[in-house]
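> Input file: structure.cif. Contents: mmCIF, C-alpha atoms.
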```
data_data
#
loop_
_atom_site.group_PDB
_atom_site.id
_atom_site.type_symbol
_atom_site.label_atom_id
_atom_site.label_comp_id
_atom_site.auth_asym_id
_atom_site.auth_seq_id
_atom_site.Cartn_x
_atom_site.Cartn_y
_atom_site.Cartn_z
ATOM 1 C CA MET Z 1 54.492 -3.400 -21.468
ATOM 2 C CA GLU Z 2 53.921 -7.111 -21.905
ATOM 3 C CA LYS Z 3 50.503 -8.384 -20.864
ATOM 4 C CA LEU Z 4 50.898 -10.749 -17.901
ATOM 5 C CA ILE Z 5 47.372 -11.855 -17.105
ATOM 6 C CA ASN Z 6 44.580 -12.914 -19.414
ATOM 7 C CA VAL Z 7 40.883 -12.827 -18.548
ATOM 8 C CA ASP Z 8 38.752 -14.494 -21.194
ATOM 9 C CA LYS Z 9 35.359 -16.057 -20.584
ATOM 10 C CA GLU Z 10 36.377 -18.852 -22.980
ATOM 11 C CA ILE Z 11 39.350 -19.800 -20.776
ATOM 12 C CA LEU Z 12 38.341 -21.312 -17.440
ATOM 13 C CA GLY Z 13 35.159 -19.219 -17.410
ATOM 14 C CA GLY Z 14 37.034 -15.922 -17.156
ATOM 15 C CA THR Z 15 39.359 -16.874 -14.313
ATOM 16 C CA PRO Z 16 42.513 -14.719 -14.492
ATOM 17 C CA VAL Z 17 45.318 -16.869 -15.907
ATOM 18 C CA PHE Z 18 48.963 -16.288 -16.743
ATOM 19 C CA MET Z 19 49.095 -14.992 -20.316
ATOM 20 C CA GLY Z 20 49.599 -17.767 -22.854
ATOM 21 C CA THR Z 21 48.587 -20.488 -20.383
ATOM 22 C CA ARG Z 22 45.533 -21.963 -18.723
ATOM 23 C CA VAL Z 23 47.161 -21.653 -15.274
ATOM 24 C CA PRO Z 24 45.137 -19.511 -12.853
ATOM 25 C CA VAL Z 25 47.135 -16.754 -11.164
ATOM 26 C CA LYS Z 26 45.436 -17.815 -7.923
ATOM 27 C CA ASN Z 27 47.403 -21.073 -8.076
ATOM 28 C CA LEU Z 28 50.624 -19.135 -7.514
ATOM 29 C CA PHE Z 29 49.253 -17.474 -4.399
ATOM 30 C CA ASP Z 30 47.853 -20.808 -3.173
ATOM 31 C CA TYR Z 31 51.342 -22.335 -3.454
ATOM 32 C CA LEU Z 32 52.908 -19.427 -1.608
ATOM 33 C CA GLU Z 33 50.243 -19.560 1.093
ATOM 34 C CA GLU Z 34 51.042 -23.239 1.626
ATOM 35 C CA GLY Z 35 54.728 -22.384 2.019
ATOM 36 C CA GLU Z 36 55.759 -23.934 -1.290
ATOM 37 C CA PRO Z 37 58.725 -22.351 -3.068
ATOM 38 C CA ILE Z 38 58.281 -20.638 -6.414
ATOM 39 C CA SER Z 39 60.535 -23.295 -7.941
ATOM 40 C CA GLU Z 40 57.931 -25.936 -7.038
ATOM 41 C CA PHE Z 41 55.178 -23.887 -8.683
ATOM 42 C CA LEU Z 42 57.274 -23.470 -11.834
ATOM 43 C CA GLU Z 43 58.050 -27.186 -11.889
ATOM 44 C CA ASP Z 44 54.372 -28.096 -11.545
ATOM 45 C CA PHE Z 45 53.265 -25.521 -14.150
ATOM 46 C CA PRO Z 46 56.014 -25.473 -16.806
ATOM 47 C CA THR Z 47 53.993 -23.268 -19.175
ATOM 48 C CA VAL Z 48 54.419 -20.379 -16.707
ATOM 49 C CA LYS Z 49 57.748 -18.583 -16.947
ATOM 50 C CA LYS Z 50 59.727 -17.328 -13.957
ATOM 51 C CA LYS Z 51 59.662 -13.855 -15.509
ATOM 52 C CA GLN Z 52 55.829 -13.935 -15.410
ATOM 53 C CA VAL Z 53 55.783 -15.015 -11.763
ATOM 54 C CA ASN Z 54 58.241 -12.291 -10.751
ATOM 55 C CA ALA Z 55 56.255 -9.630 -12.613
ATOM 56 C CA VAL Z 56 52.933 -10.693 -11.055
ATOM 57 C CA LEU Z 57 54.490 -10.694 -7.582
ATOM 58 C CA GLN Z 58 55.934 -7.220 -8.222
ATOM 59 C CA ILE Z 59 52.497 -5.930 -9.257
ATOM 60 C CA ALA Z 60 50.918 -7.495 -6.167
ATOM 61 C CA HIS Z 61 53.564 -5.831 -4.006
ATOM 62 C CA GLN Z 62 52.963 -2.440 -5.622
ATOM 63 C CA LEU Z 63 49.196 -2.779 -5.157
ATOM 64 C CA LEU Z 64 49.584 -3.664 -1.486
ATOM 65 C CA MET Z 65 51.940 -0.763 -0.913
ATOM 66 C CA SER Z 66 49.483 1.608 -2.610
ATOM 67 C CA LEU Z 67 46.570 0.294 -0.562
ATOM 68 C CA THR Z 68 48.589 0.630 2.637
ATOM 69 C CA ARG Z 69 49.518 4.209 1.781
ATOM 70 C CA ILE Z 70 45.895 5.086 0.938
ATOM 71 C CA SER Z 71 44.705 3.443 4.148
ATOM 72 C CA HIS Z 72 47.174 5.432 6.249
ATOM 73 C CA GLU Z 73 46.247 8.677 4.489
ATOM 74 C CA ASN Z 74 42.552 8.100 5.229
ATOM 75 C CA PHE Z 75 43.213 7.579 8.925
ATOM 76 C CA ALA Z 76 45.686 10.436 9.368
#
```
Could you spell out this file's structure in structure tokens?

Amino acid sequence: MEKLINVDKEILGGTPVFMGTRVPVKNLFDYLEEGEPISEFLEDFPTVKKKQVNAVLQIAHQLLMSLTRISHENFA
């Protein structure tokens, strides 16, 4: 499995960034929160590849689904 996110105290003080870049992962979610399309994010941060964005969004989706399932199991 290819590493998608890098956390290194020497890069932006340990802020999680897309692997091979200095672009914080949070920037992607900030763009999406503002209603900006992924294409705009990729245009503004050309060092990030679409494949990386799609993989990070898939992981975020899986985490949310897992948390939702755990939450429902705890309240059942």
> May I ask which of the residues Z:Thr68, Z:Gln58, Z:Thr15, Z:Asn27 is the closest one to Asp44 of chain Z, counting all atoms listed in the file?
Z:Asn27
> Could you list, as a ChimeraX atom specification, every residue matched by the PyMOL selection byres ((chain Z and resi 57) around 12) in this structure?
/Z:4-5,25-26,28-29,32,38,50-56,58-64
> Do you have the atom CA of Val23 of chain Z-atom CA of Ser66 of chain Z distance handy?
26.6 Å
> Using the chain letters and numbers from this file, what does the PyMOL selection byres ((chain Z and resi 7) around 10) select? Give the answer as an MDAnalysis selection string.
chainID Z and resid 5:6 8:19 24
> Please, what is the axis-aligned box for every listed atom of segment 8-19 of chain Z with 3 Å on each side, as centre and edge lengths in Å to one decimal, as AutoDock Vina command-line options?

```
--center_x 42.1 --center_y -17.9 --center_z -18.6 --size_x 19.9 --size_y 12.8 --size_z 14.7
```
> Suppose you want the space between atom CA of Glu34 of chain Z and atom CA of Arg22 of chain Z; what is it in Å?
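Taking atom CA of Glu34 of chain Z as the start and atom CA of Arg22 of chain Z as the end point, the length is 21.1 Å.
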> Mind giving me the straight-line distance from atom CA of Pro46 of chain Z to atom CA of Tyr31 of chain Z in Å, one decimal?
14.5 Å
> Rebuild N, CA and C atoms on segment 22-41 of chain Z, as a PDB file, in the coordinates of the input?

```
ATOM      1  N   ARG Z  22      46.837 -21.751 -19.351  1.00  0.00           N
ATOM      2  CA  ARG Z  22      45.533 -21.963 -18.723  1.00  0.00           C
ATOM      3  C   ARG Z  22      45.731 -22.114 -17.203  1.00  0.00           C
ATOM      4  N   VAL Z  23      46.809 -21.545 -16.698  1.00  0.00           N
ATOM      5  CA  VAL Z  23      47.161 -21.653 -15.274  1.00  0.00           C
ATOM      6  C   VAL Z  23      46.624 -20.428 -14.537  1.00  0.00           C
ATOM      7  N   PRO Z  24      45.665 -20.640 -13.621  1.00  0.00           N
ATOM      8  CA  PRO Z  24      45.137 -19.511 -12.853  1.00  0.00           C
ATOM      9  C   PRO Z  24      46.217 -18.839 -12.006  1.00  0.00           C
ATOM     10  N   VAL Z  25      46.197 -17.518 -11.986  1.00  0.00           N
ATOM     11  CA  VAL Z  25      47.135 -16.754 -11.164  1.00  0.00           C
ATOM     12  C   VAL Z  25      46.952 -17.137  -9.695  1.00  0.00           C
ATOM     13  N   LYS Z  26      45.729 -17.423  -9.310  1.00  0.00           N
ATOM     14  CA  LYS Z  26      45.436 -17.815  -7.923  1.00  0.00           C
ATOM     15  C   LYS Z  26      46.274 -19.016  -7.490  1.00  0.00           C
ATOM     16  N   ASN Z  27      46.583 -19.901  -8.424  1.00  0.00           N
ATOM     17  CA  ASN Z  27      47.403 -21.073  -8.076  1.00  0.00           C
ATOM     18  C   ASN Z  27      48.745 -20.662  -7.487  1.00  0.00           C
ATOM     19  N   LEU Z  28      49.347 -19.612  -8.043  1.00  0.00           N
ATOM     20  CA  LEU Z  28      50.624 -19.135  -7.514  1.00  0.00           C
ATOM     21  C   LEU Z  28      50.471 -18.723  -6.058  1.00  0.00           C
ATOM     22  N   PHE Z  29      49.450 -17.950  -5.765  1.00  0.00           N
ATOM     23  CA  PHE Z  29      49.253 -17.474  -4.399  1.00  0.00           C
ATOM     24  C   PHE Z  29      48.861 -18.616  -3.461  1.00  0.00           C
ATOM     25  N   ASP Z  30      48.161 -19.613  -3.976  1.00  0.00           N
ATOM     26  CA  ASP Z  30      47.853 -20.808  -3.173  1.00  0.00           C
ATOM     27  C   ASP Z  30      49.147 -21.535  -2.790  1.00  0.00           C
ATOM     28  N   TYR Z  31      50.048 -21.689  -3.742  1.00  0.00           N
ATOM     29  CA  TYR Z  31      51.342 -22.335  -3.454  1.00  0.00           C
ATOM     30  C   TYR Z  31      52.101 -21.557  -2.390  1.00  0.00           C
ATOM     31  N   LEU Z  32      52.169 -20.251  -2.570  1.00  0.00           N
ATOM     32  CA  LEU Z  32      52.908 -19.427  -1.608  1.00  0.00           C
ATOM     33  C   LEU Z  32      52.269 -19.485  -0.222  1.00  0.00           C
ATOM     34  N   GLU Z  33      50.956 -19.477  -0.186  1.00  0.00           N
ATOM     35  CA  GLU Z  33      50.243 -19.560   1.093  1.00  0.00           C
ATOM     36  C   GLU Z  33      50.541 -20.870   1.813  1.00  0.00           C
ATOM     37  N   GLU Z  34      50.732 -21.927   1.045  1.00  0.00           N
ATOM     38  CA  GLU Z  34      51.042 -23.239   1.626  1.00  0.00           C
ATOM     39  C   GLU Z  34      52.520 -23.383   1.979  1.00  0.00           C
ATOM     40  N   GLY Z  35      53.305 -22.343   1.693  1.00  0.00           N
ATOM     41  CA  GLY Z  35      54.728 -22.384   2.019  1.00  0.00           C
ATOM     42  C   GLY Z  35      55.587 -23.059   0.961  1.00  0.00           C
ATOM     43  N   GLU Z  36      55.002 -23.296  -0.208  1.00  0.00           N
ATOM     44  CA  GLU Z  36      55.759 -23.934  -1.290  1.00  0.00           C
ATOM     45  C   GLU Z  36      56.648 -22.900  -1.970  1.00  0.00           C
ATOM     46  N   PRO Z  37      57.842 -23.295  -2.372  1.00  0.00           N
ATOM     47  CA  PRO Z  37      58.725 -22.351  -3.068  1.00  0.00           C
ATOM     48  C   PRO Z  37      58.244 -22.101  -4.501  1.00  0.00           C
ATOM     49  N   ILE Z  38      58.639 -20.975  -5.036  1.00  0.00           N
ATOM     50  CA  ILE Z  38      58.281 -20.638  -6.414  1.00  0.00           C
ATOM     51  C   ILE Z  38      58.807 -21.696  -7.373  1.00  0.00           C
ATOM     52  N   SER Z  39      59.964 -22.259  -7.075  1.00  0.00           N
ATOM     53  CA  SER Z  39      60.535 -23.295  -7.941  1.00  0.00           C
ATOM     54  C   SER Z  39      59.592 -24.491  -8.073  1.00  0.00           C
ATOM     55  N   GLU Z  40      58.896 -24.830  -7.004  1.00  0.00           N
ATOM     56  CA  GLU Z  40      57.931 -25.936  -7.038  1.00  0.00           C
ATOM     57  C   GLU Z  40      56.751 -25.581  -7.949  1.00  0.00           C
ATOM     58  N   PHE Z  41      56.268 -24.350  -7.828  1.00  0.00           N
ATOM     59  CA  PHE Z  41      55.178 -23.887  -8.683  1.00  0.00           C
ATOM     60  C   PHE Z  41      55.606 -23.971 -10.152  1.00  0.00           C
TER      61      PHE Z  41
END
```
